[in-house]
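Here is the structure we will look at.
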Amino acid sequence: MDRLSNTVRPYAWGSTTAIPALLGTAPTGEPQAEMWMGAHPGAPSRIARPKSTTDTNGTTATAHTTAPTERPLTDVIAADPEGELGAATVARFGPRLPFLLKLLAAGSPLSLQVHPDLDQARKGYADEEARGIPIDAPHRTYKDANHKPELICALTPFDGLCGFRRPTEAADVMEALGVDSLKPYVDLLRAHPEEAALREVLTAILGADPAEMADTVAEAAAACERLGGAHAPYARIAHNYPGDPGVLAAMLLNYVQLQPGEALFLGAGVPHAYLDGLGVEIMANSDNVLRCGLTPKHIDVPELLRVVRFEATEPGVLRPEASPSGEERYETPVDEFALSRYTLASGAAPAELTAPTPLILLCTAGTVRVGELDLTPGQSVYVPAAEAVEATGSGTLFRATVAARTV
C-alpha cells in the first residue's frame with residue numbers, strides 16, 4: 001500500500017477554511033474546493049514507490065530497484081494494470097481506475113448541472129470527435145465517452161439542490177415572490193402535466209432574452225431576501241450569481257439539507273447543485289458535465305434538454321447500511337464505485353479491508369492505523385487489488401473501491 005499525495009483544486013466556489021480545518025493546516029486565503037484522490041489524468045495522486053527495471057545483456061538479465069520517488073498513480077497503474085487493479089476490474093473497465101474520490105468543500109454554490117448516461121456519453125463523444133471539436137474547446141460538451149454518476153456524503157451540515165420538485169410546489173415558490181414577469185412560468189407549472197410543465201419552463205428560462213431575464217432575477221432575488229425562510233437559499237444563490245437564469249431554474253429543484261453521515265446519489269439526467277458544506281464525493285472517472293445555470297461557462301441548451309430527465313422526484317437521502325463486519329455501506333446502482341465507512345474504536349478488533357479490487361482509504365476523523373501507516377484527517381492511502389490490509393485505531397475511515405458485483 002502507498003500513502004497518497006493529493007492535489008487541491010482552487011475553484012472559485014471553494015471554501016477557504018473547510019479543507020484546511022480538516023487537515024489541521026492554516027488557511028491560505030485562497031479557495032480550496034476539491035482534493036482529488038485517484039488516477040484522474042488531470043490531477044493524479046502521487047505515490048512514493050520504488051521503480052523496478054531490468055537490463056538485459058546477452059543471456060543475462062539484471063534487475064534494478066530505484067530509490068522511492070513520487071510517481072503519478074496513473075503511471076503506476078499503466079505499468080501493471082492487472083497487478084494494480086485486478087484482472088476482473090481491467091476486463092470490465094479497461095486499464096484504468098474507474099472511480100475518483102474527493103474531499104469537496106463548497107463555500108458558495110456550484111453550477112447547476114446534469115450528467116449523461118453511458119449511451120448518451122458515448123454517442124455525444126463520438127459525434128464531437130467526428131466534427132473535429134477540440135477537446136479543450138469552451139463549447140465542447142463531451143470530454144470523454146463515460147458517464148458520471150456520483151455520490152456525496154456529508155462530513156458537515158451540507159446544503160444542495162437535487163432533482164425536480166413537483167411543478168405545483170415550484171409554482172408556489174415563484175408565485176410567493178410577487179414578481180409579475182414570473183407569472184407565465186407559474187401558469188405553465190400549474191397548467192400542464194409534470195414532464196411537459198418542467199420542460200417548458202426550463203426551456204423558457206434558458207431561452208429568454210438575457211437583459212429581461214437579468215431584471216427578472218434581480219426582482220426575484222430582492223423578494224427572496226425580503227421573505228427569507230424557505231426563500232433564503234435562492235437569495236444566497238442570487239448573491240453569488242446576479243442576473244443568472246439559473247437562480248430561477250434552481251427554484252424548480254428540491255432543496256436538501258444533509259446531516260453528517262447522510263448522502264445523496266446523483267444518477268444520469270438528474271439536475272443538481274451543491275451549495276455549502278464539506279463532504280466526501282465519489283464518482284465515475286469522467287469529466288462530462290452539462291450545465292444549466294449558475295455559471296459563466298457554455299450552456300448547450302439543445303443537448304441539455306435531451307439529457308435532463310423531466311420528472312419530479314423526492315431526493316433520496318442515503319444513510320449507511322451496517323454489516324456485522326462494522327462496514328457501513330452506501331448502496332448505489334452503479335458498477336464503477338462503492339463507498340463505505342468504518343467507525344473505529346481503540347481496543348476493538350481490526351477492521352478487515354482486503355478486497356479483490358483496488359482501494360483508496362481516507363481518514364476523516366481521529367487517528368487510524370492502516371497496515372504500517374498512521375492516517376490523520378484528510379490523509380489517504382492506495383491499496384492494490386487483493387493486497388491484505390486491515391485498520392485499527394480510533395476514528396473514521398472511508399473505503400472507496402469498485403462495486404463487488406463487477407468482479
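By order of appearance in the C-alpha cells: chains A, B, ..., then residues from 1 within every chain, and ligands from 1 in the order shown.
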task = Find the residues near range 326-335 of chain A: any atom within 10 Å, counting only C-alpha atoms, skip ones fewer than 3 places away on the same chain, and give them as JSON, numbers by chain.
result = {"A": [92, 93, 98, 99, 148, 149, 150, 151, 153, 261, 262, 263, 264, 265, 266, 267, 283, 284, 318, 319, 320, 321, 322, 323, 338, 339, 340, 341, 342, 343, 344, 350, 351, 352, 353, 397, 398, 399, 401, 402, 403, 404, 405, 406, 407]}
How would the residues just picked look written out with N, CA and C atoms as a short mmCIF file (atom, residue, chain, number, x, y, z; two decimals), in the first residue's frame?
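Result file follows (out_0.cif):
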data_model
loop_
_atom_site.label_atom_id
_atom_site.label_comp_id
_atom_site.auth_asym_id
_atom_site.auth_seq_id
_atom_site.Cartn_x
_atom_site.Cartn_y
_atom_site.Cartn_z
N ARG A 92 -13.50 -5.40 -17.04
CA ARG A 92 -14.76 -4.65 -17.04
C ARG A 92 -14.58 -3.21 -17.48
N PHE A 93 -13.50 -2.56 -17.05
CA PHE A 93 -13.36 -1.12 -17.27
C PHE A 93 -12.12 -0.71 -18.06
N PRO A 98 -11.49 3.10 -12.26
CA PRO A 98 -12.76 3.61 -12.79
C PRO A 98 -13.46 4.64 -11.91
N PHE A 99 -12.88 4.99 -10.76
CA PHE A 99 -13.54 5.97 -9.89
C PHE A 99 -12.54 7.04 -9.45
N LYS A 148 -21.12 9.75 -15.60
CA LYS A 148 -20.53 10.32 -14.38
C LYS A 148 -21.53 10.28 -13.22
N PRO A 149 -22.02 9.10 -12.85
CA PRO A 149 -22.81 9.05 -11.62
C PRO A 149 -21.93 9.43 -10.44
N GLU A 150 -22.53 10.00 -9.39
CA GLU A 150 -21.73 10.43 -8.26
C GLU A 150 -22.52 10.33 -6.95
N LEU A 151 -21.77 10.28 -5.87
CA LEU A 151 -22.34 10.22 -4.53
C LEU A 151 -21.62 11.24 -3.67
N CYS A 153 -21.27 12.41 0.34
CA CYS A 153 -21.55 12.07 1.73
C CYS A 153 -21.10 13.22 2.61
N GLY A 261 -22.87 12.23 7.73
CA GLY A 261 -23.12 10.80 7.54
C GLY A 261 -24.19 10.51 6.52
N GLU A 262 -25.04 11.48 6.20
CA GLU A 262 -26.05 11.29 5.16
C GLU A 262 -25.47 11.59 3.79
N ALA A 263 -26.08 11.01 2.76
CA ALA A 263 -25.52 11.12 1.42
C ALA A 263 -26.62 11.29 0.38
N LEU A 264 -26.21 11.77 -0.79
CA LEU A 264 -27.08 11.86 -1.96
C LEU A 264 -26.42 11.13 -3.11
N PHE A 265 -27.20 10.36 -3.85
CA PHE A 265 -26.72 9.75 -5.08
C PHE A 265 -27.31 10.52 -6.25
N LEU A 266 -26.45 10.92 -7.21
CA LEU A 266 -26.88 11.67 -8.38
C LEU A 266 -26.67 10.81 -9.61
N GLY A 267 -27.77 10.30 -10.15
CA GLY A 267 -27.70 9.49 -11.36
C GLY A 267 -27.81 10.34 -12.61
N MET A 283 -17.14 9.36 -7.63
CA MET A 283 -17.81 9.41 -8.92
C MET A 283 -17.10 8.50 -9.91
N ALA A 284 -17.80 8.17 -10.99
CA ALA A 284 -17.13 7.52 -12.10
C ALA A 284 -16.13 8.49 -12.69
N LEU A 318 -29.52 9.05 1.44
CA LEU A 318 -28.99 7.73 1.80
C LEU A 318 -28.36 7.77 3.18
N ARG A 319 -28.58 6.72 3.92
CA ARG A 319 -27.89 6.51 5.19
C ARG A 319 -27.19 5.17 5.11
N PRO A 320 -26.00 5.04 5.70
CA PRO A 320 -25.23 3.81 5.51
C PRO A 320 -25.91 2.60 6.13
N GLU A 321 -25.76 1.49 5.43
CA GLU A 321 -26.32 0.22 5.90
C GLU A 321 -25.23 -0.58 6.59
N ALA A 322 -25.43 -0.87 7.87
CA ALA A 322 -24.41 -1.54 8.68
C ALA A 322 -24.35 -3.02 8.35
N SER A 323 -23.17 -3.60 8.53
CA SER A 323 -22.96 -5.04 8.36
C SER A 323 -22.26 -5.58 9.60
N ALA A 338 -17.92 1.92 -5.16
CA ALA A 338 -18.66 1.59 -3.94
C ALA A 338 -17.99 2.36 -2.80
N LEU A 339 -18.80 2.98 -1.95
CA LEU A 339 -18.27 3.75 -0.83
C LEU A 339 -18.83 3.20 0.46
N SER A 340 -17.96 3.04 1.44
CA SER A 340 -18.40 2.60 2.76
C SER A 340 -17.58 3.34 3.82
N ARG A 341 -18.05 3.21 5.07
CA ARG A 341 -17.46 3.95 6.19
C ARG A 341 -17.24 3.00 7.36
N TYR A 342 -16.12 3.19 8.05
CA TYR A 342 -15.82 2.44 9.26
C TYR A 342 -15.62 3.43 10.40
N THR A 343 -16.30 3.19 11.52
CA THR A 343 -16.07 3.97 12.73
C THR A 343 -15.31 3.08 13.70
N LEU A 344 -14.04 3.37 13.89
CA LEU A 344 -13.14 2.51 14.66
C LEU A 344 -13.00 3.00 16.09
N PRO A 350 -9.41 -5.50 14.71
CA PRO A 350 -9.10 -4.81 13.46
C PRO A 350 -10.21 -4.95 12.43
N ALA A 351 -10.42 -3.93 11.65
CA ALA A 351 -11.36 -3.98 10.54
C ALA A 351 -10.64 -4.56 9.32
N GLU A 352 -11.18 -5.65 8.79
CA GLU A 352 -10.58 -6.32 7.65
C GLU A 352 -11.05 -5.64 6.37
N LEU A 353 -10.13 -5.09 5.57
CA LEU A 353 -10.47 -4.29 4.41
C LEU A 353 -10.07 -4.91 3.08
N LEU A 397 -12.95 6.10 8.94
CA LEU A 397 -12.24 5.76 7.71
C LEU A 397 -13.25 5.47 6.61
N PHE A 398 -13.08 6.14 5.47
CA PHE A 398 -13.90 5.85 4.29
C PHE A 398 -13.12 4.92 3.37
N ARG A 399 -13.84 3.96 2.80
CA ARG A 399 -13.25 2.96 1.90
C ARG A 399 -13.90 3.09 0.53
N THR A 401 -13.88 1.80 -3.47
CA THR A 401 -13.41 0.71 -4.31
C THR A 401 -14.37 0.52 -5.47
N VAL A 402 -14.18 -0.55 -6.23
CA VAL A 402 -15.06 -0.90 -7.34
C VAL A 402 -16.19 -1.77 -6.79
N ALA A 403 -17.39 -1.60 -7.29
CA ALA A 403 -18.53 -2.36 -6.79
C ALA A 403 -18.28 -3.86 -6.89
N ALA A 404 -18.59 -4.59 -5.83
CA ALA A 404 -18.30 -6.01 -5.74
C ALA A 404 -18.99 -6.81 -6.85
N ARG A 405 -20.15 -6.35 -7.30
CA ARG A 405 -20.90 -7.13 -8.30
C ARG A 405 -20.20 -7.17 -9.67
N THR A 406 -19.17 -6.31 -9.84
CA THR A 406 -18.48 -6.28 -11.13
C THR A 406 -17.30 -7.21 -11.19
N VAL A 407 -16.96 -7.86 -10.06
CA VAL A 407 -15.76 -8.69 -10.04
C VAL A 407 -16.11 -10.14 -9.71
#
inquiry  = At a cut-off of 10 Å, using only C-alpha atoms, what residues contact Glu303 in chain A? Leave out same-chain residues fewer than 4 positions from it and give the result as a PyMOL selection string.
reply    = chain A and resi 116+120+124+141+290+299+307-308
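The two atoms in question, CA of Pro302 in chain A and CA of Leu202 in chain A, are spaced 11.6 Å apart.
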request  = List the neighbours of Thr69 in chain A out to 8 Å using only C-alpha atoms; skip same-chain residues closer than 4 positions along the sequence, and give me the result as a VMD selection string.
outcome  = chain A and resid 47 to 50
Can I get the selection written as a PDB file, in the first residue's frame, with N, CA and C atoms?
ATOM      1  N   ILE A  47       2.435   8.684  -5.549  1.00  0.00           N
ATOM      2  CA  ILE A  47       2.903   7.760  -4.524  1.00  0.00           C
ATOM      3  C   ILE A  47       4.418   7.643  -4.602  1.00  0.00           C
ATOM      4  N   ALA A  48       5.044   7.386  -3.471  1.00  0.00           N
ATOM      5  CA  ALA A  48       6.499   7.205  -3.418  1.00  0.00           C
ATOM      6  C   ALA A  48       6.784   5.720  -3.374  1.00  0.00           C
ATOM      7  N   ARG A  49       6.911   5.133  -4.564  1.00  0.00           N
ATOM      8  CA  ARG A  49       7.157   3.688  -4.646  1.00  0.00           C
ATOM      9  C   ARG A  49       8.408   3.444  -5.480  1.00  0.00           C
ATOM     10  N   PRO A  50       9.293   2.531  -5.046  1.00  0.00           N
ATOM     11  CA  PRO A  50      10.462   2.224  -5.863  1.00  0.00           C
ATOM     12  C   PRO A  50      10.053   1.705  -7.232  1.00  0.00           C
TER      13      PRO A  50
END
For Cys162 in chain A, please output as a short mmCIF file (atom, residue, chain, number, x, y, z; two decimals) with N, CA and C atoms, in the first residue's frame all residues within 9 Å (counting only C-alpha atoms; exclusion window: fewer than 2 positions along the same chain).
data_model
loop_
_atom_site.label_atom_id
_atom_site.label_comp_id
_atom_site.auth_asym_id
_atom_site.auth_seq_id
_atom_site.Cartn_x
_atom_site.Cartn_y
_atom_site.Cartn_z
N GLY A 160 -27.81 21.41 -0.62
CA GLY A 160 -27.74 21.21 -2.06
C GLY A 160 -29.11 21.21 -2.70
N PHE A 164 -35.98 17.45 -9.69
CA PHE A 164 -37.12 18.36 -9.80
C PHE A 164 -38.12 18.12 -8.68
N ARG A 165 -38.62 19.22 -8.11
CA ARG A 165 -39.75 19.12 -7.19
C ARG A 165 -41.04 19.07 -8.01
N LEU A 253 -36.09 22.90 -8.33
CA LEU A 253 -35.47 21.72 -7.75
C LEU A 253 -35.75 21.59 -6.26
N ASN A 254 -35.59 20.37 -5.77
CA ASN A 254 -35.70 20.10 -4.34
C ASN A 254 -34.49 20.68 -3.60
N TYR A 255 -34.78 21.38 -2.52
CA TYR A 255 -33.72 21.87 -1.64
C TYR A 255 -33.50 20.81 -0.56
N VAL A 256 -32.23 20.40 -0.38
CA VAL A 256 -31.90 19.29 0.52
C VAL A 256 -30.85 19.75 1.52
N LEU A 264 -26.21 11.77 -0.79
CA LEU A 264 -27.08 11.86 -1.96
C LEU A 264 -26.42 11.13 -3.11
N LEU A 266 -26.45 10.92 -7.21
CA LEU A 266 -26.88 11.67 -8.38
C LEU A 266 -26.67 10.81 -9.61
N VAL A 270 -30.22 13.82 -13.70
CA VAL A 270 -30.80 14.47 -12.52
C VAL A 270 -30.13 15.82 -12.32
N PRO A 271 -30.87 16.94 -12.46
CA PRO A 271 -30.25 18.25 -12.24
C PRO A 271 -29.92 18.43 -10.76
N HIS A 272 -28.76 19.05 -10.49
CA HIS A 272 -28.34 19.21 -9.11
C HIS A 272 -27.31 20.32 -8.99
N ALA A 273 -27.11 20.77 -7.78
CA ALA A 273 -26.05 21.73 -7.46
C ALA A 273 -25.75 21.62 -5.98
N TYR A 274 -24.48 21.69 -5.62
CA TYR A 274 -24.08 21.74 -4.22
C TYR A 274 -23.95 23.20 -3.82
N THR A 313 -39.17 14.13 -8.49
CA THR A 313 -38.71 13.05 -7.62
C THR A 313 -38.50 13.58 -6.21
N GLU A 314 -38.60 12.69 -5.25
CA GLU A 314 -38.19 13.00 -3.89
C GLU A 314 -36.69 12.76 -3.79
N PRO A 315 -35.94 13.69 -3.24
CA PRO A 315 -34.50 13.46 -3.12
C PRO A 315 -34.23 12.29 -2.18
N GLY A 316 -33.59 11.27 -2.69
CA GLY A 316 -33.36 10.07 -1.88
C GLY A 316 -32.14 10.24 -1.00
#
query = Near Asp159 in chain A, within 6 Å and counting only C-alpha atoms, which residues show up once chain neighbours fewer than 3 positions away are dropped, as a ChimeraX atom specification?
reply = /A:256-257,275-276
task = Among the residues of range 34-269 of chain A, find those DSSP assigns to strand (DSSP E or B) from the backbone and print them as a PyMOL selection string.
result = chain A and resi 34-38+46-49+52-57+60-65+69-72+99-106+112-114+150-154+158-164+253-258+263-266
Residues near Val201 in chain A, cut-off 10 Å, only C-alpha atoms, skip fewer than 5 positions along chain, as a PyMOL selection string = chain A and resi 167+184-189+196+206-207+248-249+252
For all heavy atoms, I'd like the residues from the last selection saved as a short mmCIF file (atom, residue, chain, number, x, y, z; two decimals), in the first residue's frame.
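What ended up in result_12.cif:
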data_model
loop_
_atom_site.label_atom_id
_atom_site.label_comp_id
_atom_site.auth_asym_id
_atom_site.auth_seq_id
_atom_site.Cartn_x
_atom_site.Cartn_y
_atom_site.Cartn_z
N PRO A 167 -44.14 20.31 -9.91
CA PRO A 167 -44.34 21.61 -10.55
C PRO A 167 -45.21 22.56 -9.75
O PRO A 167 -44.96 23.77 -9.72
CB PRO A 167 -44.99 21.24 -11.89
CG PRO A 167 -44.51 19.86 -12.17
CD PRO A 167 -44.42 19.19 -10.84
N PRO A 184 -46.02 34.01 -16.12
CA PRO A 184 -46.14 32.99 -17.18
C PRO A 184 -45.56 31.64 -16.77
O PRO A 184 -46.12 30.60 -17.12
CB PRO A 184 -45.35 33.61 -18.34
CG PRO A 184 -45.41 35.08 -18.10
CD PRO A 184 -45.35 35.24 -16.61
N TYR A 185 -44.45 31.66 -16.02
CA TYR A 185 -43.86 30.39 -15.56
C TYR A 185 -44.78 29.71 -14.55
O TYR A 185 -44.98 28.49 -14.57
CB TYR A 185 -42.49 30.62 -14.93
CG TYR A 185 -41.49 31.31 -15.81
CD1 TYR A 185 -40.55 32.17 -15.28
CD2 TYR A 185 -41.47 31.09 -17.19
CE1 TYR A 185 -39.61 32.81 -16.08
CE2 TYR A 185 -40.54 31.72 -18.00
CZ TYR A 185 -39.62 32.58 -17.45
OH TYR A 185 -38.70 33.22 -18.24
N VAL A 186 -45.36 30.50 -13.66
CA VAL A 186 -46.29 29.96 -12.67
C VAL A 186 -47.47 29.32 -13.35
O VAL A 186 -47.89 28.20 -13.00
CB VAL A 186 -46.74 31.08 -11.70
CG1 VAL A 186 -47.86 30.57 -10.77
CG2 VAL A 186 -45.57 31.59 -10.87
N ASP A 187 -48.01 29.99 -14.36
CA ASP A 187 -49.17 29.44 -15.08
C ASP A 187 -48.81 28.14 -15.80
O ASP A 187 -49.60 27.18 -15.79
CB ASP A 187 -49.69 30.47 -16.09
CG ASP A 187 -50.31 31.69 -15.42
OD1 ASP A 187 -50.64 31.59 -14.22
OD2 ASP A 187 -50.45 32.73 -16.09
N LEU A 188 -47.63 28.10 -16.42
CA LEU A 188 -47.21 26.87 -17.10
C LEU A 188 -47.07 25.72 -16.11
O LEU A 188 -47.48 24.58 -16.39
CB LEU A 188 -45.86 27.10 -17.80
CG LEU A 188 -45.88 27.88 -19.12
CD1 LEU A 188 -44.45 28.19 -19.56
CD2 LEU A 188 -46.60 27.10 -20.21
N LEU A 189 -46.49 26.00 -14.95
CA LEU A 189 -46.28 24.95 -13.96
C LEU A 189 -47.59 24.40 -13.41
O LEU A 189 -47.67 23.23 -13.01
CB LEU A 189 -45.42 25.48 -12.80
CG LEU A 189 -43.96 25.76 -13.15
CD1 LEU A 189 -43.28 26.56 -12.05
CD2 LEU A 189 -43.20 24.45 -13.39
N ALA A 196 -44.20 17.84 -19.10
CA ALA A 196 -44.32 18.96 -20.03
C ALA A 196 -44.12 20.29 -19.31
O ALA A 196 -43.48 21.21 -19.85
CB ALA A 196 -45.70 18.93 -20.70
N LEU A 206 -34.09 29.29 -19.93
CA LEU A 206 -32.77 29.29 -20.57
C LEU A 206 -32.80 30.01 -21.92
O LEU A 206 -31.74 30.44 -22.41
CB LEU A 206 -32.26 27.86 -20.74
CG LEU A 206 -32.01 27.08 -19.45
CD1 LEU A 206 -31.52 25.68 -19.75
CD2 LEU A 206 -31.02 27.81 -18.55
N GLY A 207 -33.98 30.13 -22.52
CA GLY A 207 -34.08 30.76 -23.83
C GLY A 207 -34.53 32.21 -23.79
O GLY A 207 -34.66 32.85 -24.84
N LEU A 248 -33.50 31.10 -11.19
CA LEU A 248 -34.89 30.67 -11.35
C LEU A 248 -34.97 29.16 -11.59
O LEU A 248 -35.88 28.50 -11.07
CB LEU A 248 -35.54 31.42 -12.51
CG LEU A 248 -35.58 32.94 -12.39
CD1 LEU A 248 -36.31 33.55 -13.57
CD2 LEU A 248 -36.22 33.38 -11.07
N ALA A 249 -34.02 28.63 -12.36
CA ALA A 249 -34.01 27.18 -12.57
C ALA A 249 -33.86 26.45 -11.24
O ALA A 249 -34.44 25.37 -11.04
CB ALA A 249 -32.89 26.80 -13.52
N LEU A 252 -36.91 25.26 -9.37
CA LEU A 252 -37.61 24.07 -9.85
C LEU A 252 -37.16 22.81 -9.12
O LEU A 252 -37.78 21.76 -9.27
CB LEU A 252 -37.37 23.88 -11.34
CG LEU A 252 -37.78 25.03 -12.27
CD1 LEU A 252 -37.39 24.70 -13.71
CD2 LEU A 252 -39.27 25.31 -12.16
#
key: Residue contacts of range 219-231 of chain A (10 Å, only C-alpha atoms) excluding same-chain residues fewer than 6 positions away, as a PyMOL selection string   = chain A and resi 173-174+176-182+213+237-239+242-243+247-248+251+255
Suppose we keep N, CA and C atoms; can you now write the selection as a PDB file, in the first residue's frame?
ATOM      1  N   VAL A 173     -43.446  28.509  -4.934  1.00  0.00           N
ATOM      2  CA  VAL A 173     -42.232  29.248  -4.594  1.00  0.00           C
ATOM      3  C   VAL A 173     -42.140  30.523  -5.422  1.00  0.00           C
ATOM      4  N   MET A 174     -42.381  30.401  -6.722  1.00  0.00           N
ATOM      5  CA  MET A 174     -42.281  31.568  -7.604  1.00  0.00           C
ATOM      6  C   MET A 174     -43.416  32.561  -7.357  1.00  0.00           C
ATOM      7  N   ALA A 176     -45.064  33.219  -4.698  1.00  0.00           N
ATOM      8  CA  ALA A 176     -44.918  33.946  -3.426  1.00  0.00           C
ATOM      9  C   ALA A 176     -44.013  35.166  -3.560  1.00  0.00           C
ATOM     10  N   LEU A 177     -43.209  35.242  -4.622  1.00  0.00           N
ATOM     11  CA  LEU A 177     -42.291  36.359  -4.794  1.00  0.00           C
ATOM     12  C   LEU A 177     -42.999  37.629  -5.265  1.00  0.00           C
ATOM     13  N   GLY A 178     -44.172  37.457  -5.865  1.00  0.00           N
ATOM     14  CA  GLY A 178     -44.916  38.624  -6.323  1.00  0.00           C
ATOM     15  C   GLY A 178     -44.255  39.364  -7.468  1.00  0.00           C
ATOM     16  N   VAL A 179     -43.524  38.651  -8.314  1.00  0.00           N
ATOM     17  CA  VAL A 179     -42.846  39.257  -9.462  1.00  0.00           C
ATOM     18  C   VAL A 179     -43.688  39.012 -10.704  1.00  0.00           C
ATOM     19  N   ASP A 180     -44.168  40.062 -11.331  1.00  0.00           N
ATOM     20  CA  ASP A 180     -45.096  39.933 -12.454  1.00  0.00           C
ATOM     21  C   ASP A 180     -44.523  39.113 -13.604  1.00  0.00           C
ATOM     22  N   SER A 181     -43.234  39.279 -13.896  1.00  0.00           N
ATOM     23  CA  SER A 181     -42.639  38.580 -15.038  1.00  0.00           C
ATOM     24  C   SER A 181     -42.484  37.077 -14.808  1.00  0.00           C
ATOM     25  N   LEU A 182     -42.719  36.620 -13.568  1.00  0.00           N
ATOM     26  CA  LEU A 182     -42.693  35.173 -13.290  1.00  0.00           C
ATOM     27  C   LEU A 182     -44.054  34.524 -13.492  1.00  0.00           C
ATOM     28  N   MET A 213     -34.176  38.767 -18.588  1.00  0.00           N
ATOM     29  CA  MET A 213     -34.016  37.758 -17.541  1.00  0.00           C
ATOM     30  C   MET A 213     -33.234  38.322 -16.361  1.00  0.00           C
ATOM     31  N   ILE A 237     -27.993  32.187  -3.494  1.00  0.00           N
ATOM     32  CA  ILE A 237     -27.560  31.823  -4.845  1.00  0.00           C
ATOM     33  C   ILE A 237     -27.468  33.063  -5.725  1.00  0.00           C
ATOM     34  N   ALA A 238     -28.506  33.918  -5.667  1.00  0.00           N
ATOM     35  CA  ALA A 238     -28.536  35.124  -6.493  1.00  0.00           C
ATOM     36  C   ALA A 238     -27.410  36.080  -6.127  1.00  0.00           C
ATOM     37  N   HIS A 239     -27.022  36.102  -4.849  1.00  0.00           N
ATOM     38  CA  HIS A 239     -25.919  36.965  -4.428  1.00  0.00           C
ATOM     39  C   HIS A 239     -24.635  36.561  -5.135  1.00  0.00           C
ATOM     40  N   PRO A 242     -25.532  37.054  -9.720  1.00  0.00           N
ATOM     41  CA  PRO A 242     -26.541  38.070 -10.022  1.00  0.00           C
ATOM     42  C   PRO A 242     -26.955  38.039 -11.499  1.00  0.00           C
ATOM     43  N   GLY A 243     -28.268  38.037 -11.725  1.00  0.00           N
ATOM     44  CA  GLY A 243     -28.783  38.057 -13.083  1.00  0.00           C
ATOM     45  C   GLY A 243     -28.758  36.729 -13.803  1.00  0.00           C
ATOM     46  N   VAL A 247     -30.715  30.995 -11.265  1.00  0.00           N
ATOM     47  CA  VAL A 247     -31.383  31.296  -9.996  1.00  0.00           C
ATOM     48  C   VAL A 247     -32.844  30.857 -10.059  1.00  0.00           C
ATOM     49  N   LEU A 248     -33.497  31.103 -11.190  1.00  0.00           N
ATOM     50  CA  LEU A 248     -34.893  30.670 -11.351  1.00  0.00           C
ATOM     51  C   LEU A 248     -34.969  29.164 -11.586  1.00  0.00           C
ATOM     52  N   MET A 251     -35.175  27.136  -8.494  1.00  0.00           N
ATOM     53  CA  MET A 251     -36.465  27.074  -7.804  1.00  0.00           C
ATOM     54  C   MET A 251     -37.301  25.886  -8.260  1.00  0.00           C
ATOM     55  N   TYR A 255     -34.784  21.382  -2.520  1.00  0.00           N
ATOM     56  CA  TYR A 255     -33.718  21.870  -1.640  1.00  0.00           C
ATOM     57  C   TYR A 255     -33.497  20.815  -0.561  1.00  0.00           C
TER      58      TYR A 255
END
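For the choices A:Thr25, A:Thr16, A:Ser108, A:Gln259, the atom-to-atom distance to Gly378 in chain A is smallest for A:Thr25 when using only C-alpha atoms.
With CA of Lys297 in chain A on one side and CA of Gly42 in chain A on the other, the separation reads 18.9 Å.
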